[in-house]
>>> print(open('run_2.txt').read())   # compact mmCIF, C-alpha atoms (C1' of nucleotides)
# COMPACT_ATOMS: atom_id res chain seq x y z
CA MET A 1 -1.97 6.63 7.75
CA ILE A 2 -2.03 4.82 11.05
CA THR A 3 -1.64 1.14 11.77
CA THR A 4 -3.03 -0.76 14.70
CA GLU A 5 -2.90 -4.36 15.66
CA ILE A 6 -5.95 -6.43 16.42
CA LYS A 7 -5.47 -9.54 18.45
CA THR A 8 -7.94 -12.31 17.84
CA SER A 9 -8.12 -15.95 18.74
CA HIS A 10 -6.85 -16.62 15.24
CA GLY A 11 -3.82 -14.39 15.35
CA THR A 12 -2.89 -10.74 15.28
CA PHE A 13 -4.27 -8.82 12.34
CA THR A 14 -2.95 -5.45 11.25
CA ALA A 15 -5.36 -2.68 10.35
CA THR A 16 -4.38 0.48 8.51
CA PHE A 17 -6.53 3.59 8.65
CA SER A 18 -6.52 6.62 6.44
CA GLU A 19 -8.30 9.79 7.47
CA ARG A 20 -11.37 8.44 5.71
CA GLY A 21 -11.62 5.08 7.44
CA LEU A 22 -10.27 1.56 7.37
CA ALA A 23 -8.10 1.25 4.30
CA GLN A 24 -6.39 -2.10 4.75
CA LEU A 25 -6.54 -5.24 6.82
CA GLU A 26 -3.76 -7.81 6.87
CA PHE A 27 -3.83 -11.42 7.92
CA PRO A 28 -1.54 -12.50 10.72
CA SER A 29 1.92 -13.30 9.49
CA ARG A 30 5.27 -13.76 11.08
CA GLY A 31 6.07 -10.20 10.11
CA ASN A 32 3.24 -8.37 11.78
CA ALA A 33 2.88 -10.76 14.69
CA ARG A 34 6.42 -10.03 15.71
CA ARG A 35 5.90 -6.29 15.95
CA LYS A 36 5.24 -5.47 19.55
CA GLY A 37 1.61 -4.66 20.15
CA ASN A 38 1.51 -0.93 20.45
CA PRO A 39 -1.93 0.34 19.57
CA LEU A 40 -2.36 3.44 17.50
CA THR A 41 1.18 3.59 16.30
CA ARG A 42 1.68 6.61 14.17
CA ARG A 43 3.41 5.74 10.94
CA ASP A 44 2.86 8.75 8.80
CA ALA A 45 1.86 12.27 9.61
CA THR A 46 -1.05 12.92 7.33
CA LEU A 47 -3.64 13.78 9.89
CA SER A 48 -5.65 16.85 9.29
CA PRO A 49 -3.79 19.87 10.63
CA SER A 50 -4.10 21.54 14.02
CA ASP A 51 -7.78 21.63 14.85
CA GLY A 52 -8.56 18.40 13.13
CA GLU A 53 -5.83 16.58 14.98
CA ARG A 54 -7.77 15.84 18.11
CA ASP A 55 -10.85 14.75 16.17
CA GLY A 56 -8.68 12.61 13.94
CA VAL A 57 -7.24 10.64 16.82
CA ARG A 58 -10.65 10.20 18.33
CA ASP A 59 -11.88 8.81 15.00
CA PHE A 60 -9.02 6.37 14.80
CA ARG A 61 -9.73 5.03 18.24
CA ARG A 62 -13.38 4.60 17.44
CA TRP A 63 -12.62 2.93 14.12
CA HIS A 64 -10.09 0.65 15.70
CA ILE A 65 -12.66 -0.59 18.19
CA ALA A 66 -15.31 -1.00 15.53
CA THR A 67 -12.88 -2.88 13.30
CA ALA A 68 -11.79 -5.21 16.07
CA ARG A 69 -15.36 -5.99 16.96
CA ALA A 70 -16.44 -6.59 13.37
CA LEU A 71 -13.41 -8.73 12.68
CA LYS A 72 -13.98 -10.97 15.66
CA GLN A 73 -17.61 -11.39 14.76
CA SER A 74 -16.68 -12.33 11.21
CA LEU A 75 -14.05 -14.79 12.34
CA ALA A 76 -16.71 -16.46 14.46
CA GLY A 77 -18.89 -16.89 11.40
CA LYS A 78 -21.31 -14.15 12.40
CA THR A 79 -22.35 -11.06 10.52
CA PRO A 80 -21.11 -7.86 12.15
CA LYS A 81 -23.89 -5.45 12.96
CA THR A 82 -21.76 -2.45 12.23
CA LEU A 83 -18.59 -1.87 10.30
CA PRO A 84 -16.11 0.97 10.54
CA PRO A 85 -16.12 3.34 7.58
CA LEU A 86 -14.18 1.72 4.76
CA ASP A 87 -11.82 3.73 2.62
CA LEU A 88 -11.78 2.03 -0.75
CA ASN A 89 -10.19 4.89 -2.62
CA SER A 90 -7.17 2.83 -3.47
CA GLY A 91 -8.77 0.77 -6.19
CA THR A 92 -9.80 1.36 -9.77
CA GLU A 93 -13.42 1.86 -10.68
CA PHE A 94 -13.72 -1.76 -11.72
CA GLN A 95 -12.21 -3.04 -8.50
CA ARG A 96 -14.43 -0.87 -6.35
CA ARG A 97 -17.47 -2.22 -8.16
CA VAL A 98 -16.31 -5.76 -7.51
CA TRP A 99 -15.64 -5.07 -3.83
CA SER A 100 -18.99 -3.42 -3.52
CA ALA A 101 -20.66 -6.48 -5.00
CA LEU A 102 -18.76 -8.73 -2.60
CA ARG A 103 -20.22 -6.90 0.38
CA LYS A 104 -23.68 -7.95 -0.72
CA ILE A 105 -22.89 -11.64 -0.26
CA SER A 106 -24.24 -12.55 3.14
CA SER A 107 -22.68 -15.00 5.52
CA GLY A 108 -23.22 -18.60 4.59
CA LYS A 109 -23.71 -17.87 0.90
CA THR A 110 -21.34 -18.00 -2.01
CA ARG A 111 -21.16 -16.65 -5.54
CA SER A 112 -19.03 -17.75 -8.45
CA TYR A 113 -16.58 -15.43 -10.15
CA THR A 114 -18.92 -15.36 -13.12
CA GLU A 115 -21.90 -14.39 -10.96
CA VAL A 116 -19.96 -11.51 -9.47
CA ALA A 117 -18.94 -10.45 -12.94
CA SER A 118 -22.55 -10.45 -14.07
CA ALA A 119 -23.61 -8.53 -10.99
CA ILE A 120 -21.42 -5.62 -12.03
CA GLY A 121 -22.56 -5.76 -15.63
CA LYS A 122 -19.55 -7.49 -17.15
CA PRO A 123 -20.52 -11.15 -17.42
CA LYS A 124 -17.38 -12.10 -19.28
CA ALA A 125 -14.95 -10.57 -16.84
CA ALA A 126 -14.76 -13.50 -14.43
CA ARG A 127 -11.03 -13.62 -14.66
CA ALA A 128 -10.71 -9.93 -14.02
CA VAL A 129 -13.00 -10.38 -11.03
CA GLY A 130 -10.53 -12.91 -9.68
CA SER A 131 -7.79 -10.34 -9.97
CA ALA A 132 -9.90 -7.73 -8.23
CA CYS A 133 -10.64 -10.15 -5.39
CA GLY A 134 -6.95 -10.73 -4.99
CA ALA A 135 -6.47 -6.99 -4.75
CA ASN A 136 -9.12 -6.63 -2.05
CA PRO A 137 -7.48 -4.51 0.67
CA ILE A 138 -9.88 -5.57 3.40
CA PRO A 139 -10.28 -9.34 3.41
CA VAL A 140 -12.81 -10.93 5.77
CA LEU A 141 -14.85 -7.75 6.24
CA ILE A 142 -15.16 -7.57 2.48
CA PRO A 143 -15.91 -11.27 2.03
CA CYS A 144 -13.71 -12.20 -0.89
CA HIS A 145 -13.59 -15.71 0.58
CA ARG A 146 -17.23 -16.28 -0.41
CA VAL A 147 -16.36 -16.28 -4.09
CA LEU A 148 -15.78 -19.75 -5.48
CA ALA A 149 -15.01 -21.04 -8.94
CA ALA A 150 -17.94 -22.07 -11.12
CA ASN A 151 -17.54 -25.72 -10.13
CA LYS A 152 -17.75 -24.78 -6.44
CA LYS A 153 -14.09 -25.38 -5.95
CA LEU A 154 -11.94 -23.15 -3.86
CA GLY A 155 -10.06 -21.20 -6.47
CA GLY A 156 -7.37 -19.14 -4.80
CA PHE A 157 -6.91 -16.77 -1.91
CA SER A 158 -4.36 -14.06 -1.29
CA GLY A 159 -4.12 -14.85 2.40
CA GLY A 160 -3.62 -18.54 1.76
CA LEU A 161 -6.18 -21.17 0.90
CA ASN A 162 -6.28 -22.43 4.47
CA TRP A 163 -7.77 -19.16 5.56
CA LYS A 164 -10.38 -19.27 2.85
CA LYS A 165 -11.27 -22.82 3.76
CA SER A 166 -11.58 -22.18 7.49
CA LEU A 167 -13.51 -18.95 7.04
CA LEU A 168 -16.01 -20.79 4.88
CA ALA A 169 -16.17 -23.71 7.27
CA ARG A 170 -17.16 -21.37 10.09
CA GLU A 171 -20.04 -20.19 7.91
CA GLY A 172 -21.14 -23.74 7.28
CA ILE A 173 -19.85 -23.96 3.74
CA ALA A 174 -17.86 -26.92 2.49
CA PRO A 175 -16.38 -26.26 -0.92
CA LYS A 176 -15.07 -29.03 -3.07
CA ASP A 177 -11.54 -30.14 -2.81
C1' DC B 1 -11.46 -36.46 -21.14
C1' DA B 2 -7.42 -33.21 -22.25
C1' DT B 3 -6.22 -28.85 -24.41
C1' DC B 4 -6.81 -24.56 -26.33
C1' DC B 5 -8.72 -20.13 -26.77
C1' DA B 6 -11.01 -15.71 -26.46
C1' DG B 7 -12.57 -12.16 -23.47
C1' DT B 8 -11.37 -9.00 -19.42
C1' DA B 9 -8.85 -5.54 -16.09
C1' DT B 10 -4.44 -4.82 -13.90
C1' DA B 11 0.11 -5.29 -12.64
C1' DT B 12 4.72 -6.02 -13.84
C1' DA B 13 8.72 -6.33 -16.79
C1' DT C 1 4.20 -4.51 -25.97
C1' DA C 2 4.04 -9.18 -23.75
C1' DT C 3 2.96 -12.09 -19.96
C1' DA C 4 0.56 -13.75 -15.89
C1' DT C 5 -3.47 -13.74 -12.90
C1' DA C 6 -7.93 -16.21 -7.27
C1' DC C 7 -12.03 -17.73 -14.49
C1' DT C 8 -14.99 -20.00 -17.67
C1' DG C 9 -17.85 -21.62 -21.50
C1' DG C 10 -17.25 -23.34 -25.94
C1' DA C 11 -14.48 -25.51 -29.65
C1' DT C 12 -11.52 -29.23 -30.98
C1' DG C 13 -8.99 -33.80 -31.04
>>> encode(input="run_2.txt", output="structure tokens")
Amino acid sequence: MITTEIKTSHGTFTATFSERGLAQLEFPSRGNARRKGNPLTRRDATLSPSDGERDGVRDFRRWHIATARALKQSLAGKTPKTLPPLDLNSGTEFQRRVWSALRKISSGKTRSYTEVASAIGKPKAARAVGSACGANPIPVLIPCHRVLAANKKLGGFSGGLNWKKSLLAREGIAPKD
DNA sequence: CATCCAGTATATA
DNA sequence: TATATACTGGATG
């Protein structure tokens, strides 16, 4: 795995890539903002061996750029034209289905936890959907912030409700208090 | 209106 | 095995 930092006007995000693509994206926090910006820091030597090495690094650089671009677009309330490949292997089948459903919510729209649950064929699993949203490894690009409670209230957010609120505001959505 | 509860998938203890 | 979650519609007082 490799981590890189992405500086935006809203803080420094941390992206983690596996050999398959973007695997995790973290909100700015005191912890990762303090780490000196050193792009493409190797953390773990699991690149493909010998021959693949050079290609691997090239991929990471490309993905890093694509991620930074997509992230900045999203933070501005726009829909990124292209995303880096996403590695969602970390989740369970249920979680991957939820995350997949989340990606179909376009900017400026919202769904309720129940609607997402129905979309994946488990209309009663709203609560479980909430858990899956909280486990979303790639917030913003996988728009977990567009899922509101049935009464159009905010619900919760792993990165802090302020983030959810401001992300929605930039998309022209004003959830209830 | 205030509570309670079942149903659901996962994580944690 | 029990409890706690980014939930919610229905039952009950």
>>> residues_around(input="run_2.txt", residues="Lys176 of chain A", least_positions_apart="2", cutoff="8 Å", atoms="all atoms listed in the file", output="JSON, numbers by chain")
{"A": [152, 153, 154, 174]}
>>> interface_residues(input="run_2.txt", of="chain C", to="chain A", cutoff="12 Å", atoms="all atoms listed in the file", output="list in words")
DA4, DT5, DA6, DC7, DT8 and DG9 of chain C
>>> atom_distance(input="run_2.txt", atom1="atom CA of Gln73 of chain A", atom2="atom CA of Glu93 of chain A")
29.0 Å
>>> atom_distance(input="run_2.txt", atom1="atom CA of Lys78 of chain A", atom2="atom CA of Ser100 of chain A")
19.3 Å
>>> residues_around(input="run_2.txt", residues="Ser74 of chain A", least_positions_apart="6", cutoff="9 Å", atoms="all atoms listed in the file", output="number ranges by chain")
A: 80, 107, 140-141, 167
>>> axis_aligned_box(input="run_2.txt", around="chain B", padding_each_side="6 Å", output="JSON")
{"center_x": -1.9, "center_y": -20.6, "center_z": -19.7, "size_x": 33.3, "size_y": 43.6, "size_z": 26.1}
>>> closest_atom_pairs(input="run_2.txt", of="chain C", to="chain B", cutoff="10 Å", atoms="all atoms listed in the file", output="Markdown table")
| residue | atom | partner | partner_atom | distance |
| --- | --- | --- | --- | --- |
| C:DA2 | C1' | B:DA13 | C1' | 8.9 |
| C:DT3 | C1' | B:DA13 | C1' | 8.7 |
| C:DA4 | C1' | B:DT12 | C1' | 9.0 |
| C:DT5 | C1' | B:DT10 | C1' | 9.0 |
| C:DG10 | C1' | B:DC5 | C1' | 9.2 |
| C:DA11 | C1' | B:DC5 | C1' | 8.4 |
| C:DT12 | C1' | B:DC4 | C1' | 8.1 |
| C:DG13 | C1' | B:DT3 | C1' | 8.7 |
>>> atom_distance(input="run_2.txt", atom1="atom CA of Thr8 of chain A", atom2="atom CA of Ser90 of chain A")
26.2 Å
>>> closest_residue(input="run_2.txt", among="A:Pro28, A:Gly91, A:Pro175, A:Gly108", to="Lys7 of chain A", atoms="only C-alpha atoms")
A:Pro28
>>> residues_around(input="run_2.txt", residues="segment 83-88 of chain A", least_positions_apart="5", cutoff="8 Å", atoms="only C-alpha atoms (C1' of nucleotides)", output="list in words")
Ser18, Arg20, Gly21, Leu22, Ala23, Trp63, His64, Ala66, Thr67, Ala70, Arg96 and Pro137 of chain A
